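Shown next: my_file-v8.csv, given as CSV, C-alpha atoms.
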```csv
chain,number,residue,atom,x,y,z
A,14,PHE,CA,16.6,20.8,56.4
A,15,VAL,CA,17.3,17.5,54.8
A,16,LEU,CA,17.5,17.1,51.0
A,17,SER,CA,16.4,13.6,50.0
A,18,VAL,CA,17.4,12.4,46.6
A,19,THR,CA,15.4,9.5,45.3
A,20,ASN,CA,16.9,7.1,42.8
A,21,ALA,CA,15.3,7.1,39.3
A,22,ASN,CA,15.4,4.2,37.1
A,23,ASP,CA,17.8,4.6,34.1
A,24,PRO,CA,17.3,2.6,30.9
A,25,PRO,CA,19.8,-0.1,30.0
A,26,GLN,CA,22.0,0.6,26.9
A,27,LEU,CA,22.8,-1.9,24.2
A,28,ALA,CA,26.3,-1.8,22.7
A,29,PHE,CA,26.3,-1.0,19.0
A,30,LEU,CA,25.3,-3.9,16.8
A,31,PRO,CA,26.8,-3.7,13.3
A,32,ASP,CA,25.3,-5.3,10.2
A,33,GLN,CA,26.3,-8.9,9.6
A,34,ARG,CA,27.0,-11.0,6.5
A,35,THR,CA,27.0,-14.8,6.1
A,36,PRO,CA,27.0,-17.3,3.2
A,37,GLN,CA,23.9,-19.2,2.3
A,38,ASP,CA,23.1,-22.0,4.9
A,39,VAL,CA,25.8,-20.8,7.3
A,40,PRO,CA,24.6,-19.6,10.7
A,41,LEU,CA,26.3,-16.8,12.6
A,42,ASP,CA,26.6,-16.1,16.3
A,43,VAL,CA,26.1,-12.6,17.8
A,44,ALA,CA,26.9,-11.6,21.3
A,45,ILE,CA,24.5,-9.1,22.9
A,46,ILE,CA,26.3,-6.6,25.2
A,47,PHE,CA,24.5,-4.1,27.3
A,48,VAL,CA,25.1,-2.0,30.5
A,49,ASP,CA,22.8,-0.6,33.1
A,50,THR,CA,23.9,1.9,35.8
A,51,ASP,CA,21.2,0.5,38.0
A,52,ILE,CA,23.2,-2.6,38.9
A,53,GLN,CA,20.4,-4.1,41.0
A,54,ASP,CA,18.1,-4.4,38.0
A,55,SER,CA,17.5,-7.7,36.3
A,56,HIS,CA,17.0,-7.8,32.5
A,57,THR,CA,15.1,-9.5,29.8
A,58,LEU,CA,16.6,-9.9,26.3
A,59,THR,CA,14.5,-10.3,23.2
A,60,VAL,CA,16.1,-11.1,19.9
A,61,GLU,CA,13.6,-11.4,17.0
A,62,SER,CA,13.8,-11.9,13.2
A,63,LEU,CA,11.9,-9.3,11.2
A,64,ASN,CA,12.1,-11.6,8.2
A,65,GLN,CA,11.0,-15.0,9.3
A,66,ALA,CA,11.1,-16.4,5.7
A,67,LEU,CA,14.9,-15.7,5.6
A,68,LEU,CA,16.2,-15.8,9.2
A,69,THR,CA,15.4,-17.7,12.4
A,70,ILE,CA,16.8,-17.0,15.9
A,71,GLU,CA,18.2,-19.5,18.4
A,72,GLY,CA,19.1,-18.7,22.0
A,73,ASP,CA,17.5,-17.6,25.3
A,74,GLY,CA,20.2,-16.0,27.3
A,75,GLN,CA,19.4,-12.9,29.4
A,76,PRO,CA,22.7,-11.5,30.9
A,77,SER,CA,24.9,-9.1,29.0
A,78,GLY,CA,27.2,-11.2,26.7
A,79,SER,CA,24.6,-13.7,25.9
A,80,VAL,CA,25.1,-15.3,22.4
A,81,TYR,CA,22.3,-15.8,20.0
A,82,ARG,CA,22.6,-17.8,16.8
A,83,ILE,CA,21.1,-16.4,13.6
A,84,ARG,CA,20.3,-19.2,11.1
A,85,PRO,CA,19.4,-18.5,7.5
A,86,ARG,CA,16.7,-20.8,6.2
A,87,ALA,CA,17.9,-23.5,3.8
A,88,ASP,CA,18.7,-22.5,0.3
A,89,THR,CA,17.7,-18.8,0.8
A,90,GLY,CA,19.6,-15.6,0.3
A,91,GLY,CA,18.9,-11.9,0.6
A,92,GLU,CA,18.7,-9.1,3.2
A,93,GLY,CA,16.9,-9.5,6.6
A,94,GLN,CA,16.7,-7.5,9.8
A,95,VAL,CA,17.0,-8.5,13.4
A,96,ARG,CA,15.7,-6.5,16.3
A,97,VAL,CA,17.3,-6.7,19.8
A,98,THR,CA,15.6,-5.3,22.9
A,99,VAL,CA,16.8,-5.3,26.5
A,100,ARG,CA,14.2,-4.4,29.2
A,101,ASP,CA,14.9,-3.9,32.9
A,102,ASN,CA,12.6,-4.6,35.8
A,103,GLY,CA,12.7,-1.0,37.2
A,104,ASN,CA,9.8,1.1,38.1
A,105,PRO,CA,8.8,2.0,35.5
A,106,ALA,CA,10.5,-0.7,33.4
A,107,LEU,CA,12.6,0.8,30.7
A,108,SER,CA,14.1,-0.7,27.5
A,109,HIS,CA,16.5,0.0,24.7
A,110,SER,CA,16.2,-1.5,21.2
A,111,GLN,CA,18.4,-1.8,18.1
A,112,VAL,CA,17.8,-3.2,14.6
A,113,PHE,CA,20.6,-4.5,12.4
A,114,ARG,CA,20.7,-6.0,9.0
A,115,VAL,CA,21.9,-9.5,8.1
A,116,PHE,CA,23.0,-10.2,4.5
A,117,VAL,CA,22.8,-13.8,3.4
A,118,ASP,CA,24.9,-14.3,0.2
A,119,LYS,CA,23.1,-16.9,-1.9
A,120,ALA,CA,25.4,-19.6,-3.3
A,121,ASN,CA,25.4,-20.1,-7.1
A,122,ALA,CA,23.3,-23.2,-7.9
A,123,ALA,CA,24.1,-25.4,-10.8
A,124,PRO,CA,21.4,-25.7,-13.5
A,125,ILE,CA,19.3,-28.9,-13.5
A,126,LEU,CA,19.3,-30.7,-16.8
A,127,THR,CA,16.4,-32.9,-17.7
A,128,PRO,CA,17.7,-36.4,-18.7
A,129,LEU,CA,17.3,-37.3,-22.4
A,130,ALA,CA,16.1,-40.6,-23.5
A,131,ASP,CA,18.0,-42.6,-26.1
A,132,LEU,CA,17.0,-41.9,-29.7
A,133,ASN,CA,16.4,-44.2,-32.7
A,134,THR,CA,16.5,-43.4,-36.4
A,135,THR,CA,17.2,-45.0,-39.7
A,136,GLU,CA,20.2,-44.6,-41.9
A,137,GLU,CA,20.6,-41.0,-43.2
A,138,THR,CA,17.4,-39.9,-41.5
A,139,PRO,CA,17.8,-36.8,-39.2
A,140,VAL,CA,16.2,-36.9,-35.8
A,141,GLN,CA,15.4,-34.0,-33.4
A,142,PHE,CA,15.6,-33.5,-29.7
A,143,VAL,CA,14.9,-30.7,-27.2
A,144,VAL,CA,17.2,-29.6,-24.3
A,145,GLU,CA,15.3,-28.6,-21.2
A,146,PHE,CA,16.8,-27.3,-18.0
A,147,THR,CA,16.0,-25.1,-15.0
A,148,ASP,CA,18.2,-22.8,-12.9
A,149,THR,CA,17.1,-21.3,-9.5
A,150,ASP,CA,19.5,-18.4,-10.2
A,151,LEU,CA,17.1,-16.6,-12.5
A,152,ASP,CA,19.7,-14.0,-13.7
A,153,ASP,CA,22.1,-16.6,-15.0
A,154,ALA,CA,22.7,-16.9,-18.8
A,155,HIS,CA,23.7,-20.3,-20.3
A,156,LEU,CA,25.5,-22.0,-23.1
A,157,ILE,CA,24.3,-25.3,-24.5
A,158,ARG,CA,27.0,-27.6,-26.1
A,159,ILE,CA,26.3,-30.8,-28.0
A,160,ASP,CA,29.3,-33.1,-28.4
A,161,THR,CA,29.2,-36.0,-30.9
A,162,ASP,CA,31.6,-38.2,-32.9
A,163,THR,CA,31.4,-35.9,-36.0
A,164,ASP,CA,32.6,-38.7,-38.2
A,165,VAL,CA,29.3,-40.5,-37.8
A,166,VAL,CA,26.8,-37.7,-36.8
A,167,THR,CA,26.6,-34.0,-37.0
A,168,VAL,CA,24.5,-31.5,-35.0
A,169,ALA,CA,22.4,-28.5,-36.2
A,170,GLY,CA,20.9,-25.9,-33.9
A,171,GLN,CA,22.3,-23.1,-31.7
A,172,GLY,CA,19.8,-22.2,-29.0
A,173,HIS,CA,21.0,-21.6,-25.5
A,174,VAL,CA,17.8,-21.4,-23.5
A,175,SER,CA,15.7,-24.2,-22.1
A,176,GLY,CA,13.5,-25.7,-24.9
A,177,SER,CA,16.1,-25.2,-27.6
A,178,GLN,CA,15.8,-27.8,-30.4
A,179,PHE,CA,18.7,-29.6,-32.1
A,180,THR,CA,18.9,-31.9,-35.0
A,181,LEU,CA,21.2,-35.0,-35.3
A,182,ARG,CA,22.1,-36.0,-38.8
A,183,PRO,CA,23.7,-39.4,-39.3
A,184,ALA,CA,26.6,-39.5,-41.8
A,185,ARG,CA,26.0,-41.2,-45.1
A,186,ASP,CA,25.9,-45.0,-44.9
A,187,PHE,CA,26.5,-44.9,-41.1
A,188,VAL,CA,24.7,-47.7,-39.2
A,189,GLY,CA,25.2,-48.4,-35.5
A,190,LEU,CA,25.4,-46.7,-32.0
A,191,THR,CA,27.0,-43.4,-31.1
A,192,GLU,CA,26.9,-41.4,-27.8
A,193,VAL,CA,25.7,-37.8,-27.7
A,194,THR,CA,26.8,-35.5,-24.8
A,195,VAL,CA,24.7,-32.5,-23.8
A,196,THR,CA,26.2,-29.8,-21.5
A,197,VAL,CA,24.6,-26.7,-20.1
A,198,GLN,CA,27.1,-24.2,-18.8
A,199,GLU,CA,26.5,-21.0,-16.9
A,200,THR,CA,28.3,-18.2,-18.8
A,201,HIS,CA,29.5,-16.1,-15.9
A,202,VAL,CA,33.0,-16.4,-14.3
A,203,GLY,CA,32.9,-19.4,-12.0
A,204,GLY,CA,29.7,-20.6,-13.6
A,205,ARG,CA,28.7,-24.2,-13.1
A,206,ALA,CA,27.9,-26.9,-15.6
A,207,VAL,CA,25.8,-30.0,-15.8
A,208,THR,CA,26.0,-32.8,-18.4
A,209,THR,CA,23.8,-35.7,-19.6
A,210,ARG,CA,24.4,-38.4,-22.2
A,211,PHE,CA,22.2,-40.5,-24.4
A,212,THR,CA,22.7,-43.0,-27.2
A,213,LEU,CA,21.7,-42.5,-30.8
A,214,SER,CA,20.9,-45.8,-32.6
A,215,VAL,CA,20.9,-45.7,-36.4
A,216,ALA,CA,19.3,-48.7,-38.1
A,217,ASN,CA,20.1,-49.9,-41.5
A,218,SER,CA,17.7,-49.0,-44.3
A,219,ASN,CA,17.3,-50.8,-47.6
A,220,ASP,CA,19.4,-49.1,-50.3
A,221,ALA,CA,18.3,-49.3,-53.9
A,222,PRO,CA,20.5,-51.3,-56.1
A,223,VAL,CA,22.9,-49.4,-58.4
A,224,LEU,CA,23.1,-50.5,-62.0
A,225,VAL,CA,26.7,-50.6,-63.2
A,226,GLU,CA,27.1,-49.4,-66.7
A,227,MET,CA,28.1,-52.2,-69.0
```

Output the file's structure as structure tokens, nothing else.
Amino acid sequence: FVLSVTNANDPPQLAFLPDQRTPQDVPLDVAIIFVDTDIQDSHTLTVESLNQALLTIEGDGQPSGSVYRIRPRADTGGEGQVRVTVRDNGNPALSHSQVFRVFVDKANAAPILTPLADLNTTEETPVQFVVEFTDTDLDDAHLIRIDTDTDVVTVAGQGHVSGSQFTLRPARDFVGLTEVTVTVQETHVGGRAVTTRFTLSVANSNDAPVLVEM
């Protein structure tokens, strides 16, 4: 008798795809490797982002070794997943899939400081202003520093959050212009800073005469 052995379709096998890491806004290239014992089979590769808000996929190669580019969306960070599937054209068609993670390390963003308009006051009259800023890194803590020429104006106030209020007090008998520098500094190691400046104008006010004792 004759024993007839009919070929059965075997599924393709993807090589292991490890998790990936990339900095914010930096794409990474991943080569997709697979094997198939049915060498006559042709194959279809599908690479899809499971987190479209974080990752997009570029590429359309089909052979083993095809390179796909994973591109983080601008100014985003976090953890996403990518699913890779290879399908053959056998009868029945068989496939193999893997999912791997992509970690996008978000870069530290500098705070954004709202510009401050110049201020006007009169001799020996305090004037107040508010420091407002935003920071997309919501976990960051901040330090507000106000720098002046302390011979002509002093500063009162010690808040370190957006909306903190400060008071400028001109020195006795000072009249003229002086520059005030406002800096918002992130407090963590490597924290970024942003600075703005404005001018304080102190106008003369009429002083009462002083009677000299005769």

Shell around Thr57 in chain A at 7 Å using only C-alpha atoms, local window under 5 positions removed, as a ChimeraX atom specification: /A:75,99-101

Residues from last step as file, C-alpha atoms, as a short mmCIF file (atom, residue, chain, number, x, y, z; two decimals), in the frame of the given file:
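Generated output (selection-v4.cif):
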```
data_model
loop_
_atom_site.label_atom_id
_atom_site.label_comp_id
_atom_site.auth_asym_id
_atom_site.auth_seq_id
_atom_site.Cartn_x
_atom_site.Cartn_y
_atom_site.Cartn_z
CA GLN A 75 19.40 -12.90 29.40
CA VAL A 99 16.80 -5.30 26.50
CA ARG A 100 14.20 -4.40 29.20
CA ASP A 101 14.90 -3.90 32.90
#
```

Pairwise distance for CA of Ile46 in chain A and CA of Ser62 in chain A, rounded to one decimal in Å: 18.1 Å

A:Val140, A:Ala123, A:Ile83, A:Val215 ranked by distance to Gln198 in chain A, top pick (using all atoms listed in the file):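 Of all the options, A:Ala123 lies closest to Gln198 in chain A.
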
Who sits within 12 Å of Pro40 in chain A, all atoms listed in the file, same chain under 2 positions skipped, as a VMD selection string: chain A and resid 33 to 38 42 to 43 67 to 71 81 to 87 115 to 118

Keeping C-alpha atoms, export the residues of the selection given above as a PDB file, in the frame of the given file.
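Written file, result.pdb:
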```
ATOM      1  CA  GLN A  33      26.300  -8.900   9.600  1.00  0.00           C
ATOM      2  CA  ARG A  34      27.000 -11.000   6.500  1.00  0.00           C
ATOM      3  CA  THR A  35      27.000 -14.800   6.100  1.00  0.00           C
ATOM      4  CA  PRO A  36      27.000 -17.300   3.200  1.00  0.00           C
ATOM      5  CA  GLN A  37      23.900 -19.200   2.300  1.00  0.00           C
ATOM      6  CA  ASP A  38      23.100 -22.000   4.900  1.00  0.00           C
ATOM      7  CA  ASP A  42      26.600 -16.100  16.300  1.00  0.00           C
ATOM      8  CA  VAL A  43      26.100 -12.600  17.800  1.00  0.00           C
ATOM      9  CA  LEU A  67      14.900 -15.700   5.600  1.00  0.00           C
ATOM     10  CA  LEU A  68      16.200 -15.800   9.200  1.00  0.00           C
ATOM     11  CA  THR A  69      15.400 -17.700  12.400  1.00  0.00           C
ATOM     12  CA  ILE A  70      16.800 -17.000  15.900  1.00  0.00           C
ATOM     13  CA  GLU A  71      18.200 -19.500  18.400  1.00  0.00           C
ATOM     14  CA  TYR A  81      22.300 -15.800  20.000  1.00  0.00           C
ATOM     15  CA  ARG A  82      22.600 -17.800  16.800  1.00  0.00           C
ATOM     16  CA  ILE A  83      21.100 -16.400  13.600  1.00  0.00           C
ATOM     17  CA  ARG A  84      20.300 -19.200  11.100  1.00  0.00           C
ATOM     18  CA  PRO A  85      19.400 -18.500   7.500  1.00  0.00           C
ATOM     19  CA  ARG A  86      16.700 -20.800   6.200  1.00  0.00           C
ATOM     20  CA  ALA A  87      17.900 -23.500   3.800  1.00  0.00           C
ATOM     21  CA  VAL A 115      21.900  -9.500   8.100  1.00  0.00           C
ATOM     22  CA  PHE A 116      23.000 -10.200   4.500  1.00  0.00           C
ATOM     23  CA  VAL A 117      22.800 -13.800   3.400  1.00  0.00           C
ATOM     24  CA  ASP A 118      24.900 -14.300   0.200  1.00  0.00           C
TER      25      ASP A 118
END
```

Need the neighbours of (19.0, -33.6, -36.6): which residues are at most 9 Å away, counting only C-alpha atoms, as a short mmCIF file (atom, residue, chain, number, x, y, z; two decimals) with C-alpha atoms, in the coordinates of the input?
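Contents of point.cif, as written:
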```cif
data_model
loop_
_atom_site.label_atom_id
_atom_site.label_comp_id
_atom_site.auth_asym_id
_atom_site.auth_seq_id
_atom_site.Cartn_x
_atom_site.Cartn_y
_atom_site.Cartn_z
CA THR A 138 17.40 -39.90 -41.50
CA PRO A 139 17.80 -36.80 -39.20
CA VAL A 140 16.20 -36.90 -35.80
CA GLN A 141 15.40 -34.00 -33.40
CA PHE A 142 15.60 -33.50 -29.70
CA VAL A 166 26.80 -37.70 -36.80
CA THR A 167 26.60 -34.00 -37.00
CA VAL A 168 24.50 -31.50 -35.00
CA ALA A 169 22.40 -28.50 -36.20
CA GLY A 170 20.90 -25.90 -33.90
CA PHE A 179 18.70 -29.60 -32.10
CA THR A 180 18.90 -31.90 -35.00
CA LEU A 181 21.20 -35.00 -35.30
CA ARG A 182 22.10 -36.00 -38.80
CA PRO A 183 23.70 -39.40 -39.30
#
```
